[in-house]
Structure formats: structure tokens, C-alpha cells
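Structure first, commentary second.
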Amino acid sequence: MRTLDHDEFLAMRRFPALDGLRAIAATIVILFHFAGPKWSWLSGWVGVYIFFVLSGFLITTLLLREQDRTGRISLSAFYLRRVFRILPPYLVILGGIIVFVWLRGEFFTRDFPHALKYYLTFFNEFFPASGGNGSDNFFSGSWTLGIEEKFYLFWPFLLVVAGAVGLAAAWRKLALAIAAFALMAGLVGVTSGWVLNGPQVPIYRSTVHYAILLIGCVLAIAMHYRRSYAVIKPLTHPLAAIPVFGAFAVLHVNMESLWWETGSNLGLLIAYGLLSAMLLVVLVSPGPLRWLLATKVMRFVGERSYSLYLLQGPVHFAVVAAIPPLGEHRMISALTVFAVGLAIADLIHRWVEQPMILTGKKLIARRQERKALRAAEAELKRPDAVEAPSGAR
């Protein structure tokens with residue numbers, strides 16, 4: 001029964017309980033979409049915001065640790081990792097959807113040529129989600145990928161710029177992240193048509209998502225540096241999990257009702273993002289909650305949650321086409337989508353995701369080896385290089 005030391009946190013190479021959190025997030029999203037109104041209390045639609053906070057935290061943690069280890073952040077290596085991690089499952093699933101609708105003779109009737117302009121450029125969130133011909137039903141959940149891909153372009157570059165101008169201290173990077181957070185949050189009402197008391201355009205186009213991603217970034221920066229970690233350290237005590245998880249659970253199960261009662265107040269999403277960040281602190285720290293979410297079953301689902309999330313729409317369509325009664329949204333429909341989706345996600349994980357991630361790592365390693373070799377050759381060719389005397393050791 002003790003807190004987690006900063007050195008212990010920095011020594012952690014994996015956060016297995018976060019895979020379990022991914023599993024829960026993906027599951028409640030599927031339940032929200034297909035289990036019917038009786039399960040609306042699960043507030044499954046906010047599961048995507050857990051993914052956003054997780055992404056901000058993990059990406060920033062990896063970048064800061066790379067900077068400590070090598071003295072710099074390699075943008076080319078980062079983008080290669082993202083390409084080999086994100087694109088292969090995405091393109092395989094999208095390709096499967098295209099083949100499916102083509103064989104059904106619905107490629108043009110569902111206006112897929114128009115949809116592909118959004119799906120292939122990661123502007124998914126701007127594709128009309130309520131098109132009259134239902135062309136978005138297969139891949140509408142991919143709007144979150146559009147948000148995250150733009151974030152991956154923006155945030156790592158900003159960290160590199162911060163390092164280039166000497167913003168190495170923890171408080172300076174925190175100030176940078178908070179300033180970016182304030183900017184993105186402020187743009188909510190300006191660029192998206194949202195105001196705090198109601199929507200003018202769909203929620204998935206709101207810039208509030210970038211602010212929630214930045215909550216995870218702020219947490220990662222705060223936990224990376226010793227002084228700021230000291231402020232967070234009390235939350236790493238096992239007993240802290242009780243109030244943190246309690247507050248998160250209470251807000252989560254009431255999000256659906258609060259969202260409509262307060263006029264779709266985006267401040268609720270910010271509050272949810274902040275509590276999600278506190279929950280991450282609990283889950284990387286010793287305690288029963290970390291143990292539970294790090295179990296083999298939870299990690300199995302969590303490691304396949306990316307493909308599972310993307311598959312839910314096309315799997316539901318295929319399941320309903322095969323068994324029409326499952327078209328009614330109820331628990332059996334959601335469980336069927338989950339089971340079939342997880343089975344396909346497992347195949348993609350084994351045969352696409354893992355091999356391509358390994359390929360990306362090998363490519364990055366080869367690039368680094370060539371770069372080191374060129375640097376060594378350049379050093380030897382320097383005019384002031386002195387040849388070692390014969391027989392020297």
C-alpha cells in the first residue's frame with residue numbers, strides 16, 4: 001500500500017491495464033450502437049473520449065522518453081510508426097467493405113466513390129453522417145481516425161519546435177500544452193459552430209476533440225518530469241483509486257442524461273476528459289484496478305480494440321443481412337456484433353497489424369543504422385581527423 005515512485009514510472013515499458021481500458025471503451029461503444037435504448041445508461045458514446053485521452057497520453061509519453069534517450073525526437077520515425085500501425089488494418093477493413101458492397105451491387109447506389117474521398121484522406125469526420133442513402137453506415141465510426149490523424153501531424157511537430165527553442169523544462173512544456181489546449185478549446189465555438197448551450201453542427205466536427213486529446217498530453221508531460229510528478233503522486237496510492245474511479249463511474253453513467261439536460265454542454269466532455277486522465281494515473285499505479293484491467297482476457301480484447309472499433313459498422317450490416325431479426329437493436333444484436341467483430345479483429349491483429357508493426361520497426365532500425373554509418377563516414381573524412389599510430393590499441 002504505497003505510492004508509485006517517479007523512477008518506477010519511468011522504468012515501466014508497458015502499461016497493460018490501459019489495454020483493459022481500451023477493451024472497455026470499445027465494448028461500451030458497441031453496446032451504445034446496437035444494444036438498444038435500455039442500455040443508454042452506459043453512455044457508450046463517450047467511449048471514444050477515453051481513446052482520445054489514451055492517445056494523447058501514450059503518444060506524448062513515448063516522444064518524451066525518446067527525447068530523453070536519444071536527445072531528440074525523430075519525426076520521420078514517429079510518422080513511420082504511425083503509418084505502419086494505423087494504415088494497414090484501416091485499409092484492409094476499408095478494402096473489405098468496398099469488396100462487400102461491390103459484390104452486392106451497391107457500390108454506386110451507396111455513393112461510395114464520394115465517400116472514398118473522405119475515407120482515403122482522413123477527413124472522415126466531414127463526411128455527412130446522416131446521408132439520405134445511408135452510404136455512411138458501414139464506416140461512420142471512422143470519424144475518430146480523422147481527428148487522431150490530424151492530431152498526430154500537429155502535436156509531435158509542436159514538441160519538436162518546443163525542444164528547438166529551448167523549452168526543455170517541465171513547466172515550459174506544460175505551459176505549451178495548456179496553451180494549445182486553451183486554443184483548441186477556444187476554437188470550439190468559432191470553427192465548429194458549437195456553443196456551450198447547444199449544437200449547430202454534428203458533434204464529431206467539433207474541435208473539442210483536440211482539447212480532449214491534449215488533456216492526455218498534459219498528463220504525460222506532468223508525469224514525465226519529477227517536480228510535476230510530485231503533484232500527481234498522491235493519486236498513485238491504491239486507496240486513491242476509490243474516489244477517482246467512483247467519480248469517473250458516476251459521471252460516466254450519467255453522461256447521457258446530463259448531455260441532453262444541459263443542452264449538449266461541451267464542458268461535460270472536458271470534465272469527462274479530466275476524470276479519464278485521473279483514471280489513467282490510477283491504472284498505471286499498483287492496485288486491484290490495475291490488476292483487473294491487466295488480466296489476459298482484458299488485454300486480449302484491448303490489443304484488438306482498434307480493428308474491433310472500426311469493424312462494428314460493417315459487421316453489423318453483414319450480420320443483419322444474414323440474420324434479419326438481429327436488425328432490432330437489443331443485447332443479442334450487440335453481443336453478436338462484438339463476437340463476430342472480435343473474431344475478425346483477431347485475424348487482422350495476427351496477420352496484418354503485428355507483422356506490419358514489426359516491418360515498420362525494422363525499416364526505422366535500418367534507417368537509423370544507415371544514418372549512423374553516414375555520420376561515421378563523414379567523421380572519418382573530416383580534415384582534422386588524425387589516423388591512429390600503427391600498433392595503437
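Labels used: A, B, ... for chains in the order of the C-alpha cells, numbers from 1 for residues in each chain, and numbers from 1 for ligands as shown.
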Find the nearest atom pair between each residue of segment 24-101 of chain A and segment 306-329 of chain A for residues within 12 Å, count only C-alpha atoms, give distances in Å to one decimal, sort rows by chain and ascending number, and present the table as CSV.
```
residue,atom,partner,partner_atom,distance
A:Ile24,CA,A:Tyr309,CA,11.3
A:Ala25,CA,A:Tyr309,CA,9.2
A:Ala26,CA,A:Tyr309,CA,5.8
A:Thr27,CA,A:Tyr309,CA,8.4
A:Ile28,CA,A:Tyr309,CA,10.3
A:Val29,CA,A:Tyr309,CA,7.9
A:Ile30,CA,A:Gln312,CA,6.8
A:Leu31,CA,A:His329,CA,9.3
A:Phe32,CA,A:His329,CA,9.6
A:His33,CA,A:His329,CA,7.9
A:Phe34,CA,A:His329,CA,4.8
A:Ala35,CA,A:His329,CA,5.2
A:Gly36,CA,A:His329,CA,4.6
A:Pro37,CA,A:His329,CA,8.1
A:Lys38,CA,A:His329,CA,9.8
A:Trp39,CA,A:His329,CA,10.3
A:Ser40,CA,A:His329,CA,11.7
A:Gly47,CA,A:Tyr309,CA,10.5
A:Val48,CA,A:Tyr309,CA,9.5
A:Phe51,CA,A:Tyr306,CA,9.7
A:Ser55,CA,A:Tyr306,CA,11.7
A:Arg85,CA,A:Tyr306,CA,10.1
A:Ile86,CA,A:Tyr306,CA,8.8
A:Leu87,CA,A:Ser307,CA,11.0
A:Pro88,CA,A:Ser307,CA,10.2
A:Pro89,CA,A:Ser307,CA,6.5
A:Tyr90,CA,A:Ser307,CA,7.6
A:Leu91,CA,A:Leu310,CA,10.7
A:Val92,CA,A:Ser307,CA,9.8
A:Ile93,CA,A:Leu311,CA,7.1
A:Leu94,CA,A:Leu310,CA,9.0
A:Gly95,CA,A:Pro314,CA,11.4
A:Gly96,CA,A:Pro314,CA,9.0
A:Ile97,CA,A:Pro314,CA,6.8
A:Ile98,CA,A:Pro314,CA,10.3
A:Val99,CA,A:Pro314,CA,11.6
A:Phe100,CA,A:Ala318,CA,8.9
A:Val101,CA,A:Pro314,CA,9.9
```
Show me, as a list in words, the residues that have an atom within 12 Å of Glu66 of chain A when counting only C-alpha atoms, minus same-chain residues fewer than 2 positions from it.
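My list of contacting residues is Leu10, Ile59, Thr60, Thr61, Leu62, Leu63, Leu64, Asp68, Arg69, Thr70, Gly71, Arg72, Ile73, Ser74, Leu75, Ala77, Phe78, Pro156, Leu159, Val160 and His224 of chain A.
Put simply, atom CA of Ser276 of chain A is 29.5 Å away from atom CA of Arg350 of chain A.
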Write out as a PyMOL selection string each polymer residue whose atoms come within 9 Å of Val244 of chain A, counting only C-alpha atoms; drop sequence neighbours fewer than 6 positions from it.
chain A and resi 235+275+278-279+282
Write out, as a PDB file, in the first residue's frame, the residues just selected, with C-alpha atoms.
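Result written to out00.pdb:
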```pdb
ATOM      1  CA  LEU A 235      -3.177   9.700  -6.977  1.00  0.00           C
ATOM      2  CA  LEU A 275     -11.555  12.391 -14.961  1.00  0.00           C
ATOM      3  CA  MET A 278      -7.058  10.824 -13.428  1.00  0.00           C
ATOM      4  CA  LEU A 279      -8.221   7.272 -14.084  1.00  0.00           C
ATOM      5  CA  VAL A 282      -4.750   5.026 -11.148  1.00  0.00           C
TER       6      VAL A 282
END
```
When you count only C-alpha atoms, which of these residues is closest to Ile212 of chain A: A:Phe245, A:Phe300, A:Phe126, A:Tyr272?
A:Tyr272
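With only C-alpha atoms as the atoms that count, the residue of A:Thr359, A:Val284, A:Leu103, A:Ser142 with the shortest distance to Ala115 of chain A is A:Ser142.
For the atom pair formed by atom CA of Asn124 of chain A and atom CA of Met356 of chain A, the distance is 23.2 Å, given to one decimal.
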If we count only C-alpha atoms, what is near Leu21 of chain A at a cut-off of 10 Å, once residues fewer than 2 positions away on the same chain are taken out, given as a list in words?
Pro16, Ala17, Leu18, Asp19, Ala23, Ile24, Ala25, Ala26, Thr27, Gly47, Ile50, Phe51, Leu54, Leu279, Leu280, Leu283, Arg290, Leu293, Ala294, Met298, Arg299, Val301, Gly302 and Ser305 of chain A
Looking at A:Ala339, A:Val53, A:Leu363, A:Val281, which one is nearest to Tyr229 of chain A, with distances taken over only C-alpha atoms?
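Of the candidates, the smallest distance to Tyr229 of chain A is held by A:Val281.
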Please report the interatomic distance between atom CA of His114 of chain A and atom CA of Lys150 of chain A in Å with one decimal.
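Taking atom CA of His114 of chain A as the start and atom CA of Lys150 of chain A as the end point, the length is 20.9 Å.
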Write out as a ChimeraX atom specification the residues lying within 7 Å of Leu219 of chain A, counting only C-alpha atoms and excluding same-chain residues fewer than 3 positions away.
/A:57,215-216,222-223,277
Compile the contact shell of segment 364-372 of chain A as number ranges by chain: residues with an atom at most 9 Å away, counting only C-alpha atoms, same-chain residues fewer than 3 positions apart removed.
A: 76-77, 80-81, 359-361, 375-377
